[in-house]
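Novice: The following file, entry17.txt, comprises compact mmCIF, C-alpha atoms:
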```txt
# COMPACT_ATOMS: atom_id res chain seq x y z
CA MET A 1 134.11 14.18 76.49
CA GLY A 2 136.81 16.80 76.75
CA ALA A 3 140.36 17.06 78.00
CA ASP A 4 143.21 19.57 78.18
CA THR A 5 146.61 18.75 76.68
CA ARG A 6 149.23 19.48 79.31
CA ALA A 7 151.50 16.81 80.84
CA THR A 8 153.54 17.99 83.84
CA GLU A 9 156.51 16.72 85.83
CA ASP A 10 155.89 18.44 89.17
CA THR A 11 156.23 22.09 88.18
CA ILE A 12 157.63 21.65 84.67
CA VAL A 13 155.46 21.19 81.60
CA ALA A 14 156.71 17.95 80.04
CA ASP A 15 154.39 17.87 77.04
CA LYS A 16 152.49 20.91 75.76
CA ASN A 17 150.25 18.93 73.47
CA CYS A 18 149.67 15.41 74.73
CA SER A 19 146.61 13.37 73.91
CA LYS A 20 144.56 12.45 76.96
CA ILE A 21 141.56 10.90 75.27
CA HIS A 22 142.41 7.23 74.71
CA TYR A 23 140.76 4.75 72.39
CA ILE A 24 139.19 1.68 73.93
CA ALA A 25 136.77 0.50 71.26
CA PRO A 26 135.26 2.14 68.14
CA ASN A 27 132.32 3.23 70.29
CA ILE A 28 134.11 3.69 73.64
CA TYR A 29 136.71 6.31 74.55
CA CYS A 30 138.40 7.04 77.88
CA CYS A 31 139.97 10.23 79.25
CA GLY A 32 142.82 9.62 81.66
CA ALA A 33 144.10 11.75 84.54
CA GLY A 34 146.91 10.86 86.94
CA THR A 35 150.22 9.27 86.04
CA ALA A 36 150.48 9.37 82.24
CA ALA A 37 152.13 5.94 81.90
CA ASP A 38 149.51 4.33 84.14
CA THR A 39 146.58 5.74 82.17
CA GLU A 40 148.22 4.82 78.87
CA MET A 41 149.01 1.22 79.81
CA THR A 42 145.69 0.68 81.60
CA THR A 43 143.63 1.89 78.66
CA ASN A 44 145.76 -0.14 76.23
CA MET A 45 145.29 -3.31 78.32
CA ILE A 46 141.55 -2.86 78.63
CA SER A 47 141.30 -2.02 74.94
CA SER A 48 143.01 -5.34 74.11
CA GLN A 49 140.77 -7.22 76.51
CA ILE A 50 137.66 -5.60 75.05
CA GLU A 51 138.78 -6.52 71.54
CA LEU A 52 139.38 -10.14 72.57
CA HIS A 53 135.99 -10.21 74.24
CA ARG A 54 134.37 -8.74 71.15
CA LEU A 55 135.92 -11.46 69.01
CA ASN A 56 134.59 -14.05 71.44
CA THR A 57 131.04 -12.69 71.63
CA GLY A 58 130.71 -11.27 68.11
CA ARG A 59 128.88 -8.16 69.36
CA THR A 60 129.86 -4.49 69.72
CA PRO A 61 131.32 -4.01 73.19
CA ARG A 62 129.27 -2.49 75.98
CA VAL A 63 130.49 0.44 78.06
CA CYS A 64 129.59 -1.38 81.28
CA THR A 65 131.97 -4.19 80.26
CA ALA A 66 134.83 -1.73 79.91
CA ASN A 67 133.84 -0.20 83.25
CA ARG A 68 133.82 -3.58 84.98
CA LEU A 69 137.19 -4.58 83.51
CA LEU A 70 138.77 -1.25 84.50
CA LYS A 71 137.43 -1.33 88.04
CA GLN A 72 138.52 -4.92 88.66
CA PHE A 73 141.95 -4.17 87.19
CA LEU A 74 142.48 -1.09 89.35
CA PHE A 75 141.14 -2.74 92.52
CA ARG A 76 143.66 -5.54 92.13
CA TYR A 77 146.54 -3.06 92.48
CA HIS A 78 145.27 -1.31 95.62
CA GLY A 79 145.47 2.15 94.07
CA TYR A 80 149.19 1.86 93.24
CA ILE A 81 148.24 2.31 89.60
CA SER A 82 147.19 5.95 89.85
CA ALA A 83 144.86 6.23 86.90
CA ALA A 84 141.73 8.34 87.35
CA LEU A 85 139.59 7.78 84.28
CA VAL A 86 136.47 9.15 82.66
CA LEU A 87 134.94 6.44 80.49
CA GLY A 88 132.30 7.28 77.96
CA GLY A 89 130.64 5.54 75.05
CA VAL A 90 127.50 4.58 73.20
CA ASP A 91 126.36 1.00 72.76
CA THR A 92 123.15 -0.76 71.78
CA THR A 93 121.55 -0.07 75.16
CA GLY A 94 122.27 3.66 75.20
CA SER A 95 124.95 6.20 76.08
CA TYR A 96 126.93 6.04 79.31
CA LEU A 97 129.47 8.09 81.26
CA TYR A 98 131.48 6.61 84.12
CA SER A 99 134.15 8.04 86.40
CA ILE A 100 136.70 5.54 87.69
CA HIS A 101 138.96 6.33 90.64
CA PRO A 102 142.45 4.81 91.16
CA HIS A 103 141.30 2.40 93.88
CA GLY A 104 138.55 0.95 91.71
CA SER A 105 135.35 2.77 92.70
CA THR A 106 133.14 3.90 89.83
CA ASP A 107 130.19 6.24 89.43
CA LYS A 108 127.70 6.38 86.60
CA LEU A 109 126.61 10.00 86.22
CA PRO A 110 125.35 12.47 83.59
CA TYR A 111 128.47 14.63 84.02
CA VAL A 112 131.82 13.87 85.69
CA THR A 113 135.24 15.47 86.03
CA MET A 114 138.60 14.04 87.11
CA GLY A 115 142.10 15.35 87.57
CA SER A 116 143.66 18.46 89.11
CA GLY A 117 141.31 20.80 87.26
CA SER A 118 138.25 18.76 88.18
CA LEU A 119 136.94 21.24 90.73
CA ALA A 120 137.07 24.16 88.30
CA ALA A 121 135.44 22.08 85.56
CA MET A 122 132.79 20.69 87.91
CA ALA A 123 131.87 24.21 88.97
CA VAL A 124 131.12 25.08 85.33
CA PHE A 125 129.13 21.88 84.87
CA GLU A 126 127.08 22.39 88.00
CA ASP A 127 126.15 25.86 86.82
CA GLY A 128 125.42 25.14 83.18
CA PHE A 129 124.28 21.51 82.87
CA LYS A 130 120.73 20.84 81.70
CA ALA A 131 119.19 17.53 80.77
CA GLU A 132 118.56 17.05 77.03
CA MET A 133 121.00 19.66 75.67
CA GLU A 134 121.67 20.17 71.99
CA LYS A 135 124.98 19.02 70.54
CA GLU A 136 126.39 22.54 70.01
CA GLU A 137 125.31 23.62 73.47
CA ALA A 138 126.90 20.56 75.05
CA MET A 139 130.15 21.10 73.12
CA LYS A 140 130.30 24.68 74.31
CA LEU A 141 129.67 23.62 77.91
CA VAL A 142 132.45 21.03 77.86
CA ARG A 143 134.80 23.52 76.22
CA ASP A 144 134.01 26.08 78.91
CA ALA A 145 134.57 23.52 81.67
CA ILE A 146 137.98 22.51 80.30
CA ALA A 147 138.88 26.19 79.77
CA ALA A 148 138.04 26.86 83.43
CA GLY A 149 140.53 24.15 84.35
CA ILE A 150 143.14 25.45 81.88
CA PHE A 151 143.05 29.05 83.10
CA ASN A 152 142.56 28.50 86.83
CA ASP A 153 144.62 25.38 87.54
CA LEU A 154 148.39 25.08 87.08
CA GLY A 155 148.24 21.37 86.32
CA SER A 156 146.10 21.89 83.21
CA GLY A 157 146.85 23.97 80.17
CA SER A 158 147.31 24.38 76.40
CA ASN A 159 144.46 23.26 74.16
CA VAL A 160 141.03 21.72 74.52
CA ASP A 161 140.41 18.34 72.88
CA LEU A 162 136.87 17.09 72.38
CA CYS A 163 135.53 13.66 71.57
CA ILE A 164 131.88 13.36 70.57
CA ILE A 165 130.55 9.80 70.47
CA THR A 166 127.17 9.21 68.89
CA LYS A 167 125.36 6.07 67.83
CA ASP A 168 126.69 6.26 64.26
CA LYS A 169 130.09 7.88 64.45
CA VAL A 170 132.83 9.36 66.61
CA GLU A 171 134.22 12.87 66.14
CA TYR A 172 137.65 13.27 67.67
CA LEU A 173 138.37 17.02 67.50
CA ARG A 174 141.99 17.57 68.32
CA PRO A 175 142.43 20.46 68.92
CA TYR A 176 138.93 21.79 69.30
CA ASP A 177 140.05 25.09 70.75
CA GLU A 178 143.63 26.38 70.87
CA ALA A 179 143.23 28.50 73.95
CA ASN A 180 146.95 29.14 74.51
CA LEU A 181 148.78 30.07 71.34
CA LYS A 182 152.45 30.83 71.70
CA GLY A 183 153.14 34.55 71.33
CA VAL A 184 154.46 35.92 68.04
CA ARG A 185 157.58 38.07 68.13
CA GLN A 186 156.72 41.67 67.42
CA GLY A 187 160.19 43.01 66.55
CA ASN A 188 163.22 41.73 64.65
CA TYR A 189 166.77 42.23 65.98
CA ARG A 190 168.51 41.13 62.79
CA TYR A 191 170.53 43.66 60.82
CA LYS A 192 169.30 44.38 57.31
CA LYS A 193 171.39 43.11 54.40
CA GLY A 194 173.80 45.82 53.28
CA THR A 195 174.32 47.35 56.73
CA THR A 196 178.01 46.50 56.49
CA ALA A 197 179.50 47.73 53.21
CA VAL A 198 181.39 45.13 51.10
CA LEU A 199 184.82 46.46 50.00
CA LYS A 200 186.42 43.55 48.16
CA LYS A 201 185.36 40.06 47.02
CA GLU A 202 187.88 37.28 46.14
CA VAL A 203 187.00 33.69 45.13
CA VAL A 204 189.78 31.10 45.64
CA LYS A 205 189.55 27.48 44.58
CA SER A 206 190.83 25.23 47.40
CA MET A 207 193.38 22.74 46.01
CA PHE A 208 193.43 19.24 47.47
CA GLU A 209 195.31 16.21 46.23
CA VAL A 210 194.47 12.50 46.52
CA VAL A 211 196.82 10.89 49.08
CA LYS A 212 195.60 7.29 49.17
CA THR A 213 192.81 5.17 47.69
CA GLN A 214 191.62 2.00 49.41
CA VAL A 215 189.02 -0.45 48.15
CA LYS A 216 187.17 -2.41 50.85
CA THR A 217 184.58 -5.14 50.32
CA THR A 218 181.55 -4.88 52.62
CA LYS A 219 180.42 -8.37 53.67
CA PRO A 220 176.82 -8.75 54.73
CA GLU A 221 176.92 -9.39 58.51
CA SER A 222 175.79 -12.84 59.64
CA MET A 223 172.39 -12.77 61.32
CA ASP A 224 172.28 -12.93 65.08
CA THR A 225 169.78 -15.67 65.85
CA THR A 226 170.18 -15.83 69.68
CA MET B 1 132.19 -23.03 103.74
CA PRO B 2 133.67 -19.56 104.40
CA TYR B 3 134.85 -17.48 101.45
CA PRO B 4 138.51 -16.36 101.29
CA SER B 5 139.16 -12.60 101.26
CA VAL B 6 138.85 -10.74 97.97
CA ARG B 7 142.47 -9.64 98.16
CA PRO B 8 144.99 -12.30 99.29
CA LYS B 9 146.30 -11.26 102.69
CA PRO B 10 149.35 -12.78 104.40
CA ASP B 11 148.21 -14.77 107.42
CA GLY B 12 150.59 -15.58 110.24
CA ASN B 13 150.06 -19.36 110.07
CA LYS B 14 152.34 -20.08 107.14
CA ALA B 15 155.08 -22.60 107.96
CA ILE B 16 158.48 -21.56 106.64
CA THR B 17 160.09 -24.41 104.71
CA LEU B 18 163.65 -24.08 103.46
CA PRO B 19 165.09 -26.71 101.10
CA THR B 20 167.20 -29.17 103.13
CA GLY B 21 170.29 -31.00 101.89
CA PRO B 22 172.72 -33.36 103.61
CA TYR B 23 173.12 -33.06 107.41
CA GLY B 24 169.88 -31.07 107.65
CA VAL B 25 171.33 -27.77 106.39
CA THR B 26 170.62 -26.25 102.98
CA ASP B 27 173.08 -27.33 100.32
CA VAL B 28 174.63 -24.03 99.24
CA MET B 29 175.92 -25.45 95.94
CA VAL B 30 172.45 -26.44 94.80
CA HIS B 31 170.11 -23.93 96.42
CA GLY B 32 172.32 -20.97 97.16
CA LEU B 33 172.32 -18.97 100.36
CA GLN B 34 168.88 -19.11 101.95
CA SER B 35 167.20 -17.04 104.61
CA ALA B 36 163.73 -17.31 106.06
CA SER B 37 163.09 -13.57 105.80
CA THR B 38 162.81 -13.66 102.02
CA THR B 39 159.70 -15.82 102.27
CA THR B 40 157.91 -13.60 104.79
CA ASN B 41 159.21 -10.04 104.43
CA TYR B 42 158.16 -8.52 101.15
CA SER B 43 159.83 -5.56 99.46
CA HIS B 44 156.55 -4.15 98.13
CA PRO B 45 153.12 -4.09 99.82
CA LEU B 46 151.60 -5.70 96.73
CA GLU B 47 154.09 -8.56 96.41
CA HIS B 48 152.15 -11.07 98.48
CA SER B 49 148.86 -10.06 96.89
CA GLU B 50 150.20 -10.48 93.36
CA LYS B 51 152.01 -13.75 94.05
CA HIS B 52 148.84 -15.40 95.32
CA TRP B 53 146.29 -13.61 93.14
CA ASN B 54 145.43 -16.43 90.73
CA GLU B 55 145.45 -19.04 93.49
CA ASN B 56 143.12 -16.93 95.64
CA LYS B 57 140.76 -16.30 92.74
CA GLN B 58 140.62 -20.02 92.03
CA LYS B 59 139.90 -20.74 95.71
CA MET B 60 137.05 -18.20 95.69
CA ASP B 61 135.56 -19.82 92.60
CA TYR B 62 135.79 -23.29 94.14
CA VAL B 63 134.15 -22.19 97.39
CA MET B 64 131.36 -20.48 95.44
CA LEU B 65 130.79 -23.61 93.33
CA ARG B 66 130.79 -25.80 96.44
CA ASN B 67 128.24 -23.57 98.16
CA THR B 68 125.94 -23.40 95.15
CA ILE B 69 126.01 -26.80 93.42
CA GLY B 70 127.93 -29.07 95.76
CA VAL B 71 131.40 -30.42 96.39
CA HIS B 72 131.55 -32.54 93.22
CA ALA B 73 132.05 -29.47 91.00
CA PRO B 74 135.34 -28.20 92.47
CA LEU B 75 136.59 -31.78 92.81
CA LYS B 76 136.07 -32.51 89.12
CA LEU B 77 137.71 -29.23 88.07
CA GLN B 78 140.66 -29.85 90.38
CA MET B 79 141.14 -33.33 88.91
CA GLU B 80 141.25 -31.88 85.38
CA LYS B 81 143.75 -29.22 86.45
CA HIS B 82 145.89 -31.87 88.14
CA VAL B 83 146.08 -33.76 84.85
CA ALA B 84 146.87 -30.59 82.90
CA LEU B 85 149.76 -29.72 85.23
CA LYS B 86 151.48 -33.00 84.42
CA MET B 87 151.80 -32.21 80.71
CA GLN B 88 155.08 -30.33 80.70
CA ARG B 89 158.15 -30.39 78.50
CA LEU B 90 161.63 -31.12 79.81
CA PRO B 91 163.04 -28.66 82.35
CA GLY B 92 164.48 -25.53 80.80
CA LEU B 93 162.19 -25.68 77.77
CA PRO B 94 159.06 -23.52 77.66
CA SER B 95 155.74 -25.38 77.77
CA SER B 96 152.70 -23.93 76.06
CA ASN B 97 150.36 -25.07 78.89
CA LEU B 98 147.50 -25.14 76.40
CA MET B 99 145.22 -27.39 78.43
CA MET B 100 145.88 -25.44 81.60
CA ASP B 101 145.17 -22.12 79.83
CA THR B 102 141.89 -23.43 78.49
CA LEU B 103 140.81 -24.72 81.91
CA THR B 104 141.70 -21.54 83.77
CA GLY B 105 140.32 -19.25 81.07
CA ARG B 106 143.68 -17.61 80.47
CA ASP B 107 143.26 -18.00 76.70
CA ASP B 108 140.46 -15.41 76.79
CA MET B 109 142.36 -12.81 78.78
CA ILE B 110 145.37 -10.56 78.15
CA GLU B 111 147.38 -9.87 81.28
CA PHE B 112 150.75 -8.29 82.00
CA GLU B 113 152.40 -11.73 81.84
CA ASP B 114 151.45 -12.02 78.18
CA PHE B 115 153.70 -9.26 76.94
CA LEU B 116 156.06 -8.49 79.84
CA GLY B 117 158.60 -10.86 81.36
CA ASP B 118 158.80 -13.22 78.39
CA PRO B 119 161.25 -16.01 79.41
CA VAL B 120 162.61 -15.93 75.83
CA ASN B 121 164.17 -12.54 76.62
CA SER B 122 165.45 -13.38 80.10
CA GLU B 123 169.09 -12.53 80.83
CA ARG B 124 169.81 -15.76 82.69
CA MET B 125 169.88 -19.30 81.39
CA GLY B 126 169.54 -22.45 83.44
CA HIS B 127 172.10 -25.23 83.11
CA PRO B 128 170.22 -27.99 81.28
CA HIS B 129 172.30 -30.86 82.69
CA VAL B 130 171.83 -29.72 86.28
CA MET B 131 168.11 -29.18 85.74
CA MET B 132 167.66 -32.66 84.26
CA GLU B 133 169.61 -34.25 87.14
CA LYS B 134 167.47 -32.39 89.64
CA GLN B 135 164.28 -33.52 87.95
CA LEU B 136 165.37 -37.14 87.83
CA ASN B 137 166.67 -36.93 91.43
CA ILE B 138 170.13 -38.20 90.57
CA LEU B 139 171.84 -35.00 91.74
```
Produce structure tokens that represent the structure in this file.
Specialist:
Amino acid sequence: MGADTRATEDTIVADKNCSKIHYIAPNIYCCGAGTAADTEMTTNMISSQIELHRLNTGRTPRVCTANRLLKQFLFRYHGYISAALVLGGVDTTGSYLYSIHPHGSTDKLPYVTMGSGSLAAMAVFEDGFKAEMEKEEAMKLVRDAIAAGIFNDLGSGSNVDLCIITKDKVEYLRPYDEANLKGVRQGNYRYKKGTTAVLKKEVVKSMFEVVKTQVKTTKPESMDTT
Amino acid sequence: MPYPSVRPKPDGNKAITLPTGPYGVTDVMVHGLQSASTTTNYSHPLEHSEKHWNENKQKMDYVMLRNTIGVHAPLKLQMEKHVALKMQRLPGLPSSNLMMDTLTGRDDMIEFEDFLGDPVNSERMGHPHVMMEKQLNIL
């Protein structure tokens, strides 16, 4: 799973390096597009619910459980919680990828994109996706898809984050590819030391006298137990 | 038995009941200024849906149980919930509602009410004497 790292407020970039891949369970991660607060709170809630469920059942959580919880949660709020999510993970039954829309509809697909750059990314996926790709090939494809969104869509930008979930471990590569490094200044406008000649140097000790001394005891403040 | 809708929708049959005091009008000292529009006109499209969400979900579950295994199942569950509702502390004090939480399954879920809107942090405080008088009907 991949994501860019730009958070915008209309036309202003609010955060140049935000983290859009949220943790849900050790084997389940979720990318969030839409209102940043909504995606953050939704993924936190579902992460807590999955953890509680895991403690109840004693098994590693399934991706379909997270999907069901997310879709029922978002359906309840009629789409007012604008969180468009890409949920991915590996559990005992296999690996899964779901896309969840703000009103609560979900799709289980081999490749999905969400957000403002989703069309650009989907174009790259449609062209380059093959079943049974190698890990390096898949990483490059996801990176290219996110880069297409970063360079062709104003709502996406900065770096590419990747999250690779396998049966045994999770690799959270942040950043995987810094596609937009800030430019380095080529010249220096400062004057060199010694440009202005020093004619005279005089060191004067500033005299100050003690006017008043006051000793105050500091009481520890009583605790506010309201 | 017909199922209720998945999302609670306001139906036009609801009777508007305002609290009545002496002489048939609402006692302003006890209940404050009342208007019927607050019960029907909502400030947000989701207000009605959220207010009745748990009740509607419970109704759906009862109808499903009645249709599958018979009317005894919802009746038994409703009796247990009726008993659980009676176990409350004095007015103004927070009750844990442990039995009710176990029966409704709320002890297995984390919702917004669990970390937002904690009555411990509320800005207002009820008057304990007035609340006790109201509960004992000696007001």
Novice: Return as a tab-separated table the residues of chain A lying at most 12 Å from chain B, together with the closest atom-to-atom pair for each and the distance in Å to one decimal, counting all atoms listed in the file, with rows in chain order and ascending residue number.
Specialist:
```
residue	atom	partner	partner_atom	distance
A:Met41	CA	B:Phe112	CA	9.9
A:Thr42	CA	B:Phe112	CA	10.3
A:Asn44	CA	B:Ile110	CA	10.6
A:Met45	CA	B:Ile110	CA	7.3
A:Ile46	CA	B:Ile110	CA	8.6
A:Ser47	CA	B:Ile110	CA	10.0
A:Ser48	CA	B:Ile110	CA	7.0
A:Gln49	CA	B:Ile110	CA	5.9
A:Ile50	CA	B:Met109	CA	9.4
A:Glu51	CA	B:Ile110	CA	10.2
A:Leu52	CA	B:Asp108	CA	6.8
A:His53	CA	B:Asp108	CA	7.3
A:Arg54	CA	B:Asp108	CA	10.6
A:Leu55	CA	B:Asp108	CA	9.8
A:Asn56	CA	B:Asp108	CA	8.1
A:Thr57	CA	B:Asp108	CA	11.1
A:Leu69	CA	B:Met109	CA	10.8
A:Gln72	CA	B:Val6	CA	11.0
A:Phe73	CA	B:Glu111	CA	9.8
A:Phe75	CA	B:Arg7	CA	9.0
A:Arg76	CA	B:Arg7	CA	7.4
A:Tyr77	CA	B:Leu46	CA	7.1
A:His78	CA	B:Leu46	CA	7.8
A:Gly79	CA	B:Leu46	CA	10.3
A:Tyr80	CA	B:Leu46	CA	8.7
A:Ile81	CA	B:Leu46	CA	11.2
A:Thr226	CA	B:Asn121	CA	9.8
```
Novice: Between atom CA of B:Pro4 and atom CA of A:Lys71, what is the distance in Å, rounded to a tenth?
Specialist: 20.1 Å
Novice: Please report the interatomic distance between atom CA of A:Asp153 and atom CA of A:Ala138 in Å with one decimal.
Specialist: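 Computing it gives 22.2 Å between the two atoms.
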Novice: Would you compute the distance between atom CA of A:Leu74 and atom CA of B:Gln78? Give it in Å to one decimal.
Specialist: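 Interatomic distance here is 28.8 Å.
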Novice: Leaving out B:His31 and any residue of its chain fewer than 6 positions from it, which residues lie within 12 Å of it when counting all atoms listed in the file, given as a ChimeraX atom specification?
Specialist: /B:18-21,25,130,134
Novice: Between B:Phe115, B:Tyr3, B:Tyr62, B:Tyr42, which is the closest to B:Leu77 once you count all atoms listed in the file?
Specialist: B:Tyr62
Novice: Which polymer residues have any atom within 6 Å of an atom of A:Asn159, counting only C-alpha atoms, with same-chain residues fewer than 5 positions away left out, as an MDAnalysis selection string?
Specialist: chainID A and resid 4:5 177:179
Novice: Considering all atoms listed in the file, return as a list in words whatever protein or nucleic-acid residues lie within 9 Å of A:Asp15, sequence-local ones (same chain, fewer than 4 positions apart) excluded.
Specialist: Thr5, Arg6, Ala7 and Thr8 of chain A
Novice: Print the selection's residues with C-alpha atoms to a file, as a short mmCIF file (atom, residue, chain, number, x, y, z; two decimals), in the coordinates of the input.
Specialist:
```cif
data_model
loop_
_atom_site.label_atom_id
_atom_site.label_comp_id
_atom_site.auth_asym_id
_atom_site.auth_seq_id
_atom_site.Cartn_x
_atom_site.Cartn_y
_atom_site.Cartn_z
CA THR A 5 146.61 18.75 76.68
CA ARG A 6 149.23 19.48 79.31
CA ALA A 7 151.50 16.81 80.84
CA THR A 8 153.54 17.99 83.84
#
```
Novice: Would you place a box with edges along x, y and z of the file around all atoms of stretch 11-29 of chain B listed there, add 8 Å to each of its six sides, and report the centre and edge lengths in Å to one decimal, as JSON?
Specialist:
```
{"center_x": 162.1, "center_y": -24.1, "center_z": 103.1, "size_x": 43.7, "size_y": 34.6, "size_z": 30.3}
```
Novice: Counting all atoms listed in the file, which residues have an atom no more than 12 Å from (138.8, -28.4, 90.9) in the file's coordinates? Please list them as a list in words.
Specialist: Glu55, Gln58, Lys59, Met60, Asp61, Tyr62, Val63, Met64, Leu65, Arg66, Gly70, Val71, His72, Ala73, Pro74, Leu75, Lys76, Leu77, Gln78, Met79, Glu80, Lys81, His82, Val83, Ala84, Leu103 and Thr104 of chain B
Novice: For B:Met99, which residue out of B:Asp11, B:Leu85, B:Glu133, B:Glu123 is the nearest one, using only C-alpha atoms?
Specialist: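 Residue with the minimum atom-to-atom distance to B:Met99: B:Leu85.
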Novice: I need every residue sitting at most 8 Å from the point (141.3, 14.5, 71.4) (coordinates as in the file, only C-alpha atoms considered), written as a list in words.
Specialist: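 These residues have at least one counted atom within 8 Å: Gly2, Ala3, Ser19, Lys20, Ile21, Val160, Asp161, Leu162, Cys163, Tyr172, Leu173, Arg174, Pro175 and Tyr176 of chain A.
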